[in-house]
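Below you'll find the structure, written out as structure tokens, and then a few comments.
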Amino acid sequence: MTRRIQVGAVPVGGGAAVSIQSMCNTPTEDVNATVRQIQRLEQASCEIVRVAVPTEEAARAIPSIKAAIHIPLVADIHFDYRLALLCVDGGVDKIRINPGNIGSKDRVRAVADACRERGIPIRVGVNGGSLEKELRARYGGVTAEALVESAMGHVKLLNRYDFDDICISVKCSDVPLTMRAYTLLSQQTDYP
């Protein structure tokens with residue numbers, strides 16, 4: 001069994017029921033459209049929602065969105081660690097990062113420190129399309145083993161900064177390959 005983390009009031013892992021999660025497809029900086037979509041998701045029994053945060057404007061919308069919804073809010077961050085820090089300050093319930101594309105180790109540490117201080121979990125997200133070039137070369141492309149090695153490398157980086165409130169996501173367009181990656185992950189770690 002995996003360990004349990006809390007995403008707002010929703011438990012994840014550790015025997016908790018599988019939560020219904022979705023992601024908005026509205027521009028996050030459009031607060032009204034994003035809130036309307038989240039409220040429709042809430043009515044459809046969604047329990048956790050994720051929004052893309054590609055810009056500072058989107059990050060600054062987080063507090064307004066959070067104030068208008070009733071389910072935990074996850075910020076999906078790519079490349080710019082400062083956006084993660086703004087979202088943490090804005091009250092987000094979980095951060096989704098790929099630590100490999102955040103930049104220097106100091107930047108990863110800054111995100112880990114901010115999340116630890118506020119009890120915000122981090123979802124380590126690894127996608128087949130953005131798998132590190134060296135892993136693609138070593139494994140001859142996107143493989144379950146490469147996805148797992150990438151994810152566990154990012155987890156170890158967060159662990160190095162005394163951060164352990166983690167869940168892992170690996171995915172690619174090949175469903176059986178993704179399932180194999182999750183099987184391998186479950187043999188190596190108890191992170192949900």
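Residue names in the structure tokens use chain letters A, B, ... in the order shown, residue numbers from 1 in each chain, and ligand numbers from 1 in the order shown.
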Report as CSV the residues of range 23-115 of chain A within 12 Å of range 151-169 of chain A, each with its shortest atom pair and distance in Å (one decimal), using only C-alpha atoms, ordered by chain and increasing residue number.
```
residue,atom,partner,partner_atom,distance
A:Lys94,CA,A:Ile166,CA,9.6
A:Ile95,CA,A:Ile166,CA,9.8
A:Arg96,CA,A:Cys167,CA,9.3
A:Ile97,CA,A:His154,CA,9.6
A:Asn98,CA,A:His154,CA,7.4
A:Pro99,CA,A:His154,CA,5.7
A:Gly100,CA,A:His154,CA,6.8
A:Asn101,CA,A:His154,CA,10.2
A:Ile102,CA,A:His154,CA,10.8
A:Ser104,CA,A:Leu157,CA,11.1
A:Lys105,CA,A:Leu157,CA,8.0
A:Asp106,CA,A:Tyr161,CA,9.6
A:Arg107,CA,A:Tyr161,CA,11.0
A:Val108,CA,A:Leu158,CA,7.4
A:Arg109,CA,A:Tyr161,CA,5.9
A:Ala110,CA,A:Tyr161,CA,9.1
A:Val111,CA,A:Leu158,CA,9.3
A:Ala112,CA,A:Phe163,CA,6.0
A:Asp113,CA,A:Tyr161,CA,7.6
A:Ala114,CA,A:Phe163,CA,10.1
A:Cys115,CA,A:Phe163,CA,8.4
```
Contacts of Leu73 in chain A at 8 Å (only C-alpha atoms; same-chain gap of 2+ positions) as an MDAnalysis selection string: chainID A and resid 8 48:51 66 71 75 92:94
Once you have the residues from the selection above, write them out as a compact mmCIF listing (two decimals), in the first residue's frame, restricted to N, CA, C and O atoms.
```txt
# COMPACT_ATOMS: atom_id res chain seq x y z
N GLY A 8 -5.52 19.39 -0.07
CA GLY A 8 -6.61 20.07 0.61
C GLY A 8 -7.25 19.08 1.56
O GLY A 8 -6.57 18.43 2.34
N ILE A 48 -10.90 17.11 -7.26
CA ILE A 48 -9.65 17.87 -7.33
C ILE A 48 -9.54 18.42 -8.74
O ILE A 48 -9.84 17.71 -9.71
N VAL A 49 -9.12 19.67 -8.87
CA VAL A 49 -8.99 20.25 -10.21
C VAL A 49 -7.62 20.88 -10.39
O VAL A 49 -7.04 21.44 -9.44
N ARG A 50 -7.11 20.77 -11.60
CA ARG A 50 -5.78 21.30 -11.93
C ARG A 50 -5.94 22.38 -12.99
O ARG A 50 -6.78 22.26 -13.89
N VAL A 51 -5.13 23.41 -12.87
CA VAL A 51 -5.10 24.48 -13.87
C VAL A 51 -3.66 24.67 -14.34
O VAL A 51 -2.72 24.50 -13.57
N LYS A 66 -9.21 30.27 -6.23
CA LYS A 66 -9.29 29.48 -5.00
C LYS A 66 -10.45 29.96 -4.12
O LYS A 66 -11.17 29.16 -3.53
N ILE A 71 -13.32 22.85 -4.14
CA ILE A 71 -12.48 21.65 -4.20
C ILE A 71 -11.01 22.07 -4.26
O ILE A 71 -10.70 23.21 -4.60
N ALA A 75 -1.85 23.57 -9.16
CA ALA A 75 -1.21 24.43 -10.16
C ALA A 75 -0.20 23.61 -10.95
O ALA A 75 0.71 23.01 -10.37
N VAL A 92 -2.64 27.69 -3.30
CA VAL A 92 -2.91 26.46 -4.04
C VAL A 92 -2.76 25.25 -3.12
O VAL A 92 -2.04 25.30 -2.12
N ASP A 93 -3.45 24.16 -3.45
CA ASP A 93 -3.44 22.96 -2.59
C ASP A 93 -2.39 21.93 -2.99
O ASP A 93 -2.06 21.05 -2.20
N LYS A 94 -1.90 22.01 -4.21
CA LYS A 94 -0.84 21.11 -4.67
C LYS A 94 -0.16 21.75 -5.86
O LYS A 94 -0.78 22.50 -6.61
```
Shell of 12 Å around Cys24 in chain A, only C-alpha atoms, local chain residues under 2 positions omitted, as JSON, numbers by chain: {"A": [21, 22, 26, 27, 28, 29, 30, 31, 33, 34, 35, 36, 37, 38, 39, 40, 41, 42, 46, 48, 49, 50, 51, 52, 53, 65, 73, 74, 75, 76]}
Would you save the residues from that selection as a compact mmCIF listing (two decimals), in the first residue's frame, using N, CA and C atoms?
```txt
# COMPACT_ATOMS: atom_id res chain seq x y z
N GLN A 21 -10.48 13.54 -10.55
CA GLN A 21 -9.72 14.76 -10.83
C GLN A 21 -9.90 15.15 -12.28
N SER A 22 -9.79 16.44 -12.53
CA SER A 22 -9.85 16.92 -13.91
C SER A 22 -8.93 18.13 -14.04
N THR A 26 -9.53 26.18 -19.80
CA THR A 26 -9.68 27.62 -19.96
C THR A 26 -8.34 28.29 -19.69
N PRO A 27 -8.12 29.48 -20.21
CA PRO A 27 -6.93 30.22 -19.81
C PRO A 27 -7.07 30.58 -18.33
N THR A 28 -6.14 30.16 -17.52
CA THR A 28 -6.26 30.33 -16.07
C THR A 28 -6.39 31.80 -15.69
N GLU A 29 -5.76 32.68 -16.45
CA GLU A 29 -5.86 34.11 -16.12
C GLU A 29 -7.27 34.66 -16.34
N ASP A 30 -8.09 33.93 -17.08
CA ASP A 30 -9.50 34.31 -17.23
C ASP A 30 -10.25 33.70 -16.04
N VAL A 31 -10.23 34.43 -14.95
CA VAL A 31 -10.76 33.93 -13.69
C VAL A 31 -12.23 33.51 -13.82
N ALA A 33 -14.06 32.58 -16.46
CA ALA A 33 -14.25 31.36 -17.26
C ALA A 33 -13.72 30.14 -16.51
N THR A 34 -12.60 30.28 -15.83
CA THR A 34 -12.01 29.16 -15.10
C THR A 34 -12.89 28.77 -13.92
N VAL A 35 -13.38 29.74 -13.19
CA VAL A 35 -14.26 29.44 -12.06
C VAL A 35 -15.55 28.79 -12.54
N ARG A 36 -16.13 29.29 -13.63
CA ARG A 36 -17.36 28.67 -14.16
C ARG A 36 -17.10 27.21 -14.53
N GLN A 37 -15.96 26.95 -15.17
CA GLN A 37 -15.67 25.57 -15.55
C GLN A 37 -15.46 24.69 -14.31
N ILE A 38 -14.76 25.20 -13.32
CA ILE A 38 -14.55 24.42 -12.10
C ILE A 38 -15.87 24.17 -11.39
N GLN A 39 -16.74 25.15 -11.34
CA GLN A 39 -18.03 24.95 -10.70
C GLN A 39 -18.86 23.89 -11.43
N ARG A 40 -18.75 23.83 -12.75
CA ARG A 40 -19.42 22.76 -13.49
C ARG A 40 -18.80 21.41 -13.15
N LEU A 41 -17.48 21.37 -13.01
CA LEU A 41 -16.80 20.14 -12.62
C LEU A 41 -17.22 19.71 -11.21
N GLU A 42 -17.34 20.67 -10.32
CA GLU A 42 -17.81 20.35 -8.96
C GLU A 42 -19.20 19.71 -9.01
N CYS A 46 -16.47 16.19 -9.48
CA CYS A 46 -15.02 16.31 -9.49
C CYS A 46 -14.56 16.69 -8.07
N ILE A 48 -10.90 17.11 -7.26
CA ILE A 48 -9.65 17.87 -7.33
C ILE A 48 -9.54 18.42 -8.74
N VAL A 49 -9.12 19.67 -8.87
CA VAL A 49 -8.99 20.25 -10.21
C VAL A 49 -7.62 20.88 -10.39
N ARG A 50 -7.11 20.77 -11.60
CA ARG A 50 -5.78 21.30 -11.93
C ARG A 50 -5.94 22.38 -12.99
N VAL A 51 -5.13 23.41 -12.87
CA VAL A 51 -5.10 24.48 -13.87
C VAL A 51 -3.66 24.67 -14.34
N ALA A 52 -3.52 25.03 -15.59
CA ALA A 52 -2.21 25.34 -16.15
C ALA A 52 -1.79 26.72 -15.69
N VAL A 53 -0.51 26.86 -15.33
CA VAL A 53 0.01 28.16 -14.90
C VAL A 53 1.28 28.46 -15.72
N ILE A 65 -9.34 32.45 -7.97
CA ILE A 65 -9.97 31.18 -8.32
C ILE A 65 -10.22 30.37 -7.06
N LEU A 73 -7.30 22.85 -5.39
CA LEU A 73 -6.78 23.42 -6.63
C LEU A 73 -5.31 23.07 -6.78
N VAL A 74 -4.96 22.53 -7.95
CA VAL A 74 -3.59 22.13 -8.27
C VAL A 74 -3.07 23.06 -9.36
N ALA A 75 -1.85 23.57 -9.16
CA ALA A 75 -1.21 24.43 -10.16
C ALA A 75 -0.20 23.61 -10.95
N ASP A 76 -0.36 23.57 -12.27
CA ASP A 76 0.52 22.82 -13.17
C ASP A 76 1.59 23.78 -13.67
```
Residue among A:Ser45, A:Thr55, A:Ser19, A:Thr143 lying closest to Ala84 in chain A, counting only C-alpha atoms: A:Thr55
Shell of 8 Å around Arg60 in chain A, only C-alpha atoms, local chain residues under 4 positions omitted, as a VMD selection string: chain A and resid 29 56 86 to 87 90
Selection: 7 Å around range 177-190 of chain A, only C-alpha atoms, excl. self and same-chain fewer than 5 positions, as a list of chain:residue names: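 Close residues of range 177-190 of chain A: A:Met1, A:Thr2, A:Arg3, A:Thr143, A:Ala144, A:Glu145, A:Leu147, A:Val148, A:Val170, A:Lys171, A:Cys172.
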Dump N, CA and C atoms for the selected residues as a compact mmCIF listing (two decimals), in the first residue's frame?
```txt
# COMPACT_ATOMS: atom_id res chain seq x y z
N MET A 1 0.84 -1.18 0.00
CA MET A 1 0.00 0.00 0.00
C MET A 1 0.88 1.24 0.00
N THR A 2 0.42 2.27 -0.69
CA THR A 2 1.17 3.52 -0.73
C THR A 2 0.94 4.34 0.53
N ARG A 3 1.79 5.30 0.71
CA ARG A 3 1.56 6.26 1.79
C ARG A 3 0.43 7.19 1.36
N THR A 143 10.46 4.32 -22.73
CA THR A 143 10.14 3.00 -22.19
C THR A 143 9.61 3.18 -20.77
N ALA A 144 9.00 2.13 -20.26
CA ALA A 144 8.52 2.17 -18.88
C ALA A 144 9.68 2.40 -17.92
N GLU A 145 10.79 1.74 -18.19
CA GLU A 145 11.97 1.88 -17.32
C GLU A 145 12.50 3.31 -17.34
N LEU A 147 10.76 6.08 -17.99
CA LEU A 147 9.81 6.93 -17.27
C LEU A 147 10.00 6.80 -15.76
N VAL A 148 10.18 5.57 -15.30
CA VAL A 148 10.36 5.33 -13.87
C VAL A 148 11.67 5.93 -13.39
N VAL A 170 3.25 9.35 -14.13
CA VAL A 170 3.99 9.09 -15.36
C VAL A 170 2.98 8.76 -16.45
N LYS A 171 3.24 9.24 -17.65
CA LYS A 171 2.30 8.95 -18.72
C LYS A 171 2.95 9.13 -20.08
N CYS A 172 2.36 8.43 -21.02
CA CYS A 172 2.71 8.61 -22.42
C CYS A 172 1.50 8.15 -23.23
```
One-decimal distance in Å that lies between CA of Asn127 in chain A and CA of Gly91 in chain A: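 Interatomic distance, CA of Gly91 in chain A to CA of Asn127 in chain A: 26.0 Å.
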Atomic separation - CA of Gly129 in chain A relative to CA of Val142 in chain A, Å: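 Here the two named atoms are 8.2 Å from each other.
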Atomic separation - CA of Arg136 in chain A relative to CA of Ser173 in chain A, Å: 15.4 Å
Close residues, Arg4 in chain A itself excluded, 6 Å, only C-alpha atoms, min 3 positions apart in chain, as a list in words: Val12, Gly13 and Gly14 of chain A
DSSP strand (DSSP E or B) residues within chain A, as a ChimeraX atom specification: /A:4-7,10-13,21-23,48-52,73-76,94-97,122-127,166-171
Alpha helix (DSSP H) positions in range 31-136 of chain A, given as a PyMOL selection string: chain A and resi 31-43+56-68+81-89+105-118+133-136
